[in-house]
Amino acid sequence: MISFPSRFLAIARRLRNKPSMPDAIRSWRPASCILLLLLASGVLPAATSQVWETTEYAQFVAGKLENLSVQPEGALVIAPVLDTVFSSDQPLIWSVAAAPDGSLFVGTGHQGNVYRIGPKGNSTLLWSAPEIEVFALAVASGGDVFAGTSPNGKVYRIDNKGQHEVYFDPEQTYIWSLAFAQDPGKDKAPDLFVGTGDKGKVYRVSSRGKGELYYESGQRHVVSLALDGQGRLLAGTDPNGILYRIESKRKAFALYDSDMPEIRNLQVTPEGAIFAAGVGGGYSSFGGDAGASFGTAQGAATTTITVTASVGNDPKVVQKPGAQTSGTTQPQSAVSVSQPVITVAGIDRSELLRIGSDLQVEKVWKSDSEGLLALTLPGADRAGVLFATDKQGRIYSVNQDGQVTLETQTGQDEITQLVTSGGERWVATAHAGNLLRFGSEPSKTGSYLSVAHDAKSAADWGRLSWQGRLPNGTAIEFRTRSGNSAKPDAGWSDWSEPVAVEEGTWRGGPITSPPARYVQWQARLNGRADSSPTLTALRLTYLPRNRAPRVDGITVSATSDRDTSLEEETSTADTASAYSITVTDTGSVSSTTSTESTDALAGGPQRRLKITWTATDPDGDDLLAAVRFRGDGESSWKLVKDEIEEKSLLIDSDTLADGAYRFRVEVSDGRSNPPDKARTAFRASEPVIVDHTPPVVRLLGIDDRQVIRFAAQDAGSMLRQAEYSIDAGRWVPVLADDGVIDSQKETFTIRLDKKADHERLVTLRVRDRGSNAGLGKAVVK
């Protein structure tokens, strides 16, 4: 199986899955926003206006930009113009090299062409390789071009007339990188280093056909080469992401072992610092090791791409799976790509490394959402480094202080190379195979589209205000739109007319978009040839519409005066059990007691009813409660108490006569809202039976001094327990004559063990569902 480094495999995937429109809009992450907290509690009540503020770099870069730059301090300015200088009409440009005379040479895929672009932008096809990919280019001081081709390619030398020769054949599958050694002087050409795959070898070539194995890395690919400040060779590898410093033949020192699978795009500053791109992180495949060789994962579907090279003058083609080859072409290689490959969230995909002369490694930039594609030094008059990512073709710069600037968002699906030459900055792209150049002046206009902001509920929009700088002849125009779906779509409102500008410390005006849950703004910056407006901060105010609170549950229970903690009392054999009925938001009703389930509340001495509830407000508003009750057969709810701040209330049980009652709790957020905006909610309990009256126990008769019969009846609730005692001894449970104590009237029979020769007292105690106890006695003589 043939393996590919991560960057080429990633580009291949995106080429295969590319939308039909080259300017297809790609998704972006929502930005964070600043919410100005106007209350110390950190929770804003519904009546308080809220602010969505965008002032920081991270917030601005979360939006979508066109012809705009984001400065490190968090400011939008119009970006330099980006001109298309050359269009190859090839699927992509793989390699770019600068010549001493200011010309550029570009190598393309999948036709293997090499073009020359003159200093004035004129272009010519210099040479077409027998192989289909030109992954590497290098230009000698004399002007000859060296091209590394793949697959099963060679190193070619091409003169300025397009005459070519095979300079070196390493007999390797891929040639990824080329770099010249230091100029030895004495009219001797410098040696050429060749980085290859998939054996991970580096060759040193002194002249045509004279090359030797210089270093064997033990990796699969040597994807990048460069010279450090002392002329020693640097090599970035894949798949273990190790950066080597090759000090002499077969001797190397590992400078850094990255967490990323691949180290590429090596750049060395005049001071000797090394910049490198670590790429390929955050990917995984089902059932296989995607990080090791990007080979076929077990159980995964495999796509095979077969590439063919021409014989004679026949054009090179890319053969699709299953297609028949003609007799004039011979298959060169097959690359298997595992499917599916997924992005693992929360793991860095790429990183920008700076390795100082003291070998200290600094991660200047990293991202779990953007893949670093290309890297170059910005030029002699600029410090730092320039790099590109796969997020809508963004190009960033990092200065010597580590501050990051988003230079521009090109909208290109893939940027394959960044090159600085003759004070100019060049950008090579895939899909269209274009070569772009940064201009010296800003574009005339630029536009910015914010992320959609979630107000959490329907909101009335206030003002859009902003701060910035407007040089003479420049302007900034703002529009808004709103909707109720998280992602803006056809269901959103149209873009508003431009927001009116009212002068002040914060310029701006009222928002005319209709009330909704989500809002979005856009800005259009209009500049002049020599100056740009600047947007440094934007505020959008709104008032969320008040949402109603909820009563989630009600509990009614009996408690004792001795229970100062308002917790339910635990029953013993001689005290009434505490009983509760709970009504929850789900509509379910549960009954609990410390002994057994019942449906009445006792009204014994010094006992009270406790009503507790849970209530929530989605806006975090303070709630006040009112408690009412209504008995069976009654038509109106009677107020017990209102404006209750707590979530519980005690009621003297003696204030309610025997009977069934419901309790209703109503909550209001009126304390946090104007009277006309306040909302309420209520919930009623299930019926609760209040029973103060104990059962009546009657002696029915005594048979043969051993069998005693009682009858018990309760007017308020069902009976639940019976027990007897002989001569003031321990209580012994007894069942009803029908086997179950489950009605308001029951009979009980007590059978003594044997006749006694003395008088005995038998006491029967019967409890109802309210735990009221009724007593009866029999004297057996």
# chains A, B, ... in the order shown; residues from 1 in each chain; ligands from 1

call {"tool": "residues_around", "arguments": {"residues": "Asn484 of chain A", "least_positions_apart": "2", "cutoff": "7 Å", "atoms": "only C-alpha atoms", "output": "PDB file with N, CA, C and O atoms, in the first residue's frame"}}
result
ATOM      1  N   ALA A 486     -31.947  29.211  14.330  1.00  0.00           N
ATOM      2  CA  ALA A 486     -30.572  29.457  14.749  1.00  0.00           C
ATOM      3  C   ALA A 486     -29.663  29.798  13.574  1.00  0.00           C
ATOM      4  O   ALA A 486     -28.729  30.591  13.708  1.00  0.00           O
ATOM      5  N   ALA A 516     -37.570  39.247  17.268  1.00  0.00           N
ATOM      6  CA  ALA A 516     -37.318  37.823  17.029  1.00  0.00           C
ATOM      7  C   ALA A 516     -36.325  37.357  18.078  1.00  0.00           C
ATOM      8  O   ALA A 516     -35.867  38.130  18.926  1.00  0.00           O
ATOM      9  N   ARG A 517     -35.956  36.084  17.997  1.00  0.00           N
ATOM     10  CA  ARG A 517     -34.994  35.545  18.969  1.00  0.00           C
ATOM     11  C   ARG A 517     -33.557  35.794  18.538  1.00  0.00           C
ATOM     12  O   ARG A 517     -32.687  36.010  19.374  1.00  0.00           O
ATOM     13  N   TYR A 518     -33.263  35.748  17.241  1.00  0.00           N
ATOM     14  CA  TYR A 518     -31.898  35.868  16.742  1.00  0.00           C
ATOM     15  C   TYR A 518     -31.744  37.159  15.934  1.00  0.00           C
ATOM     16  O   TYR A 518     -32.708  37.630  15.306  1.00  0.00           O
TER      17      TYR A 518
END

call {"tool": "select_by_dssp", "arguments": {"residues": "segment 66-212 of chain A", "states": "strand (DSSP E or B)", "output": "PyMOL selection string"}}
result
chain A and resi 66+68-71+75-78+80-87+92-98+104-109+113-117+123-128+133-139+145-150+155-158+164-168+174-180+192-197+201-207+210-212

call {"tool": "residues_around", "arguments": {"residues": "Glu171 of chain A", "least_positions_apart": "6", "cutoff": "9 Å", "atoms": "only C-alpha atoms", "output": "PyMOL selection string"}}
result
chain A and resi 152-154

call {"tool": "atom_distance", "arguments": {"atom1": "atom CA of Ser88 of chain A", "atom2": "atom CA of Ser447 of chain A"}}
result
28.6 Å

call {"tool": "residues_around", "arguments": {"residues": "segment 358-370 of chain A", "least_positions_apart": "3", "cutoff": "7 Å", "atoms": "only C-alpha atoms", "output": "CSV table (one decimal) with N, CA, C and O atoms, in the first residue's frame"}}
result
chain,number,residue,atom,x,y,z
A,346,GLY,N,-12.2,18.9,19.6
A,346,GLY,CA,-11.4,19.2,20.8
A,346,GLY,C,-9.9,18.9,20.7
A,346,GLY,O,-9.1,19.1,21.6
A,347,ILE,N,-9.5,18.4,19.6
A,347,ILE,CA,-8.1,18.1,19.3
A,347,ILE,C,-7.5,19.0,18.3
A,347,ILE,O,-8.1,19.2,17.3
A,348,ASP,N,-6.3,19.6,18.6
A,348,ASP,CA,-5.7,20.5,17.7
A,348,ASP,C,-5.5,19.9,16.3
A,348,ASP,O,-4.9,18.8,16.2
A,349,ARG,N,-5.9,20.6,15.3
A,349,ARG,CA,-5.6,20.1,13.9
A,349,ARG,C,-4.3,20.6,13.4
A,349,ARG,O,-3.7,19.9,12.5
A,350,SER,N,-3.8,21.8,13.8
A,350,SER,CA,-2.6,22.3,13.3
A,350,SER,C,-2.0,23.3,14.3
A,350,SER,O,-2.6,23.8,15.2
A,351,GLU,N,-0.7,23.5,14.1
A,351,GLU,CA,0.0,24.5,15.0
A,351,GLU,C,1.2,25.1,14.2
A,351,GLU,O,1.8,24.5,13.3
A,352,LEU,N,1.5,26.3,14.6
A,352,LEU,CA,2.6,27.1,14.0
A,352,LEU,C,3.7,27.1,15.1
A,352,LEU,O,3.5,27.6,16.2
A,353,LEU,N,4.9,26.6,14.8
A,353,LEU,CA,6.0,26.4,15.7
A,353,LEU,C,7.1,27.4,15.4
A,353,LEU,O,7.4,27.7,14.3
A,354,ARG,N,7.7,28.0,16.5
A,354,ARG,CA,8.9,28.8,16.4
A,354,ARG,C,10.0,28.1,17.2
A,354,ARG,O,9.8,27.9,18.4
A,355,ILE,N,11.1,27.8,16.6
A,355,ILE,CA,12.2,27.1,17.3
A,355,ILE,C,13.3,28.1,17.3
A,355,ILE,O,13.9,28.4,16.3
A,389,THR,N,-4.7,29.2,6.1
A,389,THR,CA,-5.4,28.0,6.6
A,389,THR,C,-6.5,27.7,5.7
A,389,THR,O,-6.8,28.4,4.7
A,390,ASP,N,-7.2,26.6,6.0
A,390,ASP,CA,-8.3,26.1,5.1
A,390,ASP,C,-9.6,26.6,5.5
A,390,ASP,O,-10.7,26.2,5.0
A,391,LYS,N,-9.7,27.6,6.4
A,391,LYS,CA,-11.0,28.2,6.7
A,391,LYS,C,-11.3,29.4,5.8
A,391,LYS,O,-10.8,30.5,6.0
A,402,GLY,N,4.3,38.1,18.7
A,402,GLY,CA,3.4,37.0,18.8
A,402,GLY,C,1.9,37.4,18.6
A,402,GLY,O,1.0,36.6,18.7

call {"tool": "atom_distance", "arguments": {"atom1": "atom CA of Arg245 of chain A", "atom2": "atom CA of Ala226 of chain A"}}
result
9.6 Å

call {"tool": "residues_around", "arguments": {"residues": "Leu535 of chain A", "least_positions_apart": "4", "cutoff": "6 Å", "atoms": "only C-alpha atoms", "output": "tab-separated table (two decimals) with N, CA and C atoms, in the first residue's frame"}}
result
chain	number	residue	atom	x	y	z
A	75	ALA	N	-9.87	45.15	15.54
A	75	ALA	CA	-10.36	46.23	14.69
A	75	ALA	C	-10.44	45.73	13.26
A	76	LEU	N	-11.50	46.16	12.56
A	76	LEU	CA	-11.68	45.81	11.15
A	76	LEU	C	-11.17	46.95	10.27
A	468	GLY	N	-15.13	53.85	15.87
A	468	GLY	CA	-14.09	53.62	14.87
A	468	GLY	C	-13.53	54.93	14.37

call {"tool": "closest_residue", "arguments": {"among": "A:Glu643, A:Asp169, A:Asp454, A:Glu414", "to": "Pro488 of chain A", "atoms": "only C-alpha atoms"}}
result
A:Asp454

call {"tool": "residues_around", "arguments": {"residues": "Ile246 of chain A", "least_positions_apart": "4", "cutoff": "10 Å", "atoms": "only C-alpha atoms", "output": "MDAnalysis selection string"}}
result
chainID A and resid 202 214:215 217 227 232:235 250:255

call {"tool": "residues_around", "arguments": {"residues": "Ser421 of chain A", "least_positions_apart": "4", "cutoff": "10 Å", "atoms": "only C-alpha atoms", "output": "JSON list (two decimals) with C-alpha atoms, in the first residue's frame"}}
result
[["chain", "number", "residue", "atom", "x", "y", "z"],
["A", 97, "ALA", "CA", 9.80, 28.89, -6.63],
["A", 98, "ALA", "CA", 11.25, 32.38, -7.12],
["A", 99, "ALA", "CA", 14.07, 33.12, -9.58],
["A", 100, "PRO", "CA", 16.82, 35.74, -9.09],
["A", 101, "ASP", "CA", 15.38, 37.94, -11.85],
["A", 102, "GLY", "CA", 12.00, 38.25, -10.10],
["A", 103, "SER", "CA", 10.26, 35.55, -12.13],
["A", 104, "LEU", "CA", 8.20, 32.83, -10.52],
["A", 377, "LEU", "CA", 8.41, 34.76, 5.77],
["A", 378, "PRO", "CA", 6.74, 38.09, 4.94],
["A", 379, "GLY", "CA", 9.83, 39.74, 3.43],
["A", 380, "ALA", "CA", 12.94, 41.67, 4.36],
["A", 425, "ARG", "CA", 3.61, 38.36, -1.48],
["A", 426, "TRP", "CA", 2.15, 35.61, -3.66]]

call {"tool": "closest_residue", "arguments": {"among": "A:Ala428, A:Val223, A:Ile511, A:Ala537", "to": "Leu464 of chain A", "atoms": "only C-alpha atoms"}}
result
A:Ile511

call {"tool": "closest_residue", "arguments": {"among": "A:Ser493, A:Ser532, A:Ser95, A:Thr149", "to": "Val194 of chain A", "atoms": "only C-alpha atoms"}}
result
A:Thr149

call {"tool": "atom_distance", "arguments": {"atom1": "atom CA of Gln50 of chain A", "atom2": "atom CA of Arg469 of chain A"}}
result
25.5 Å
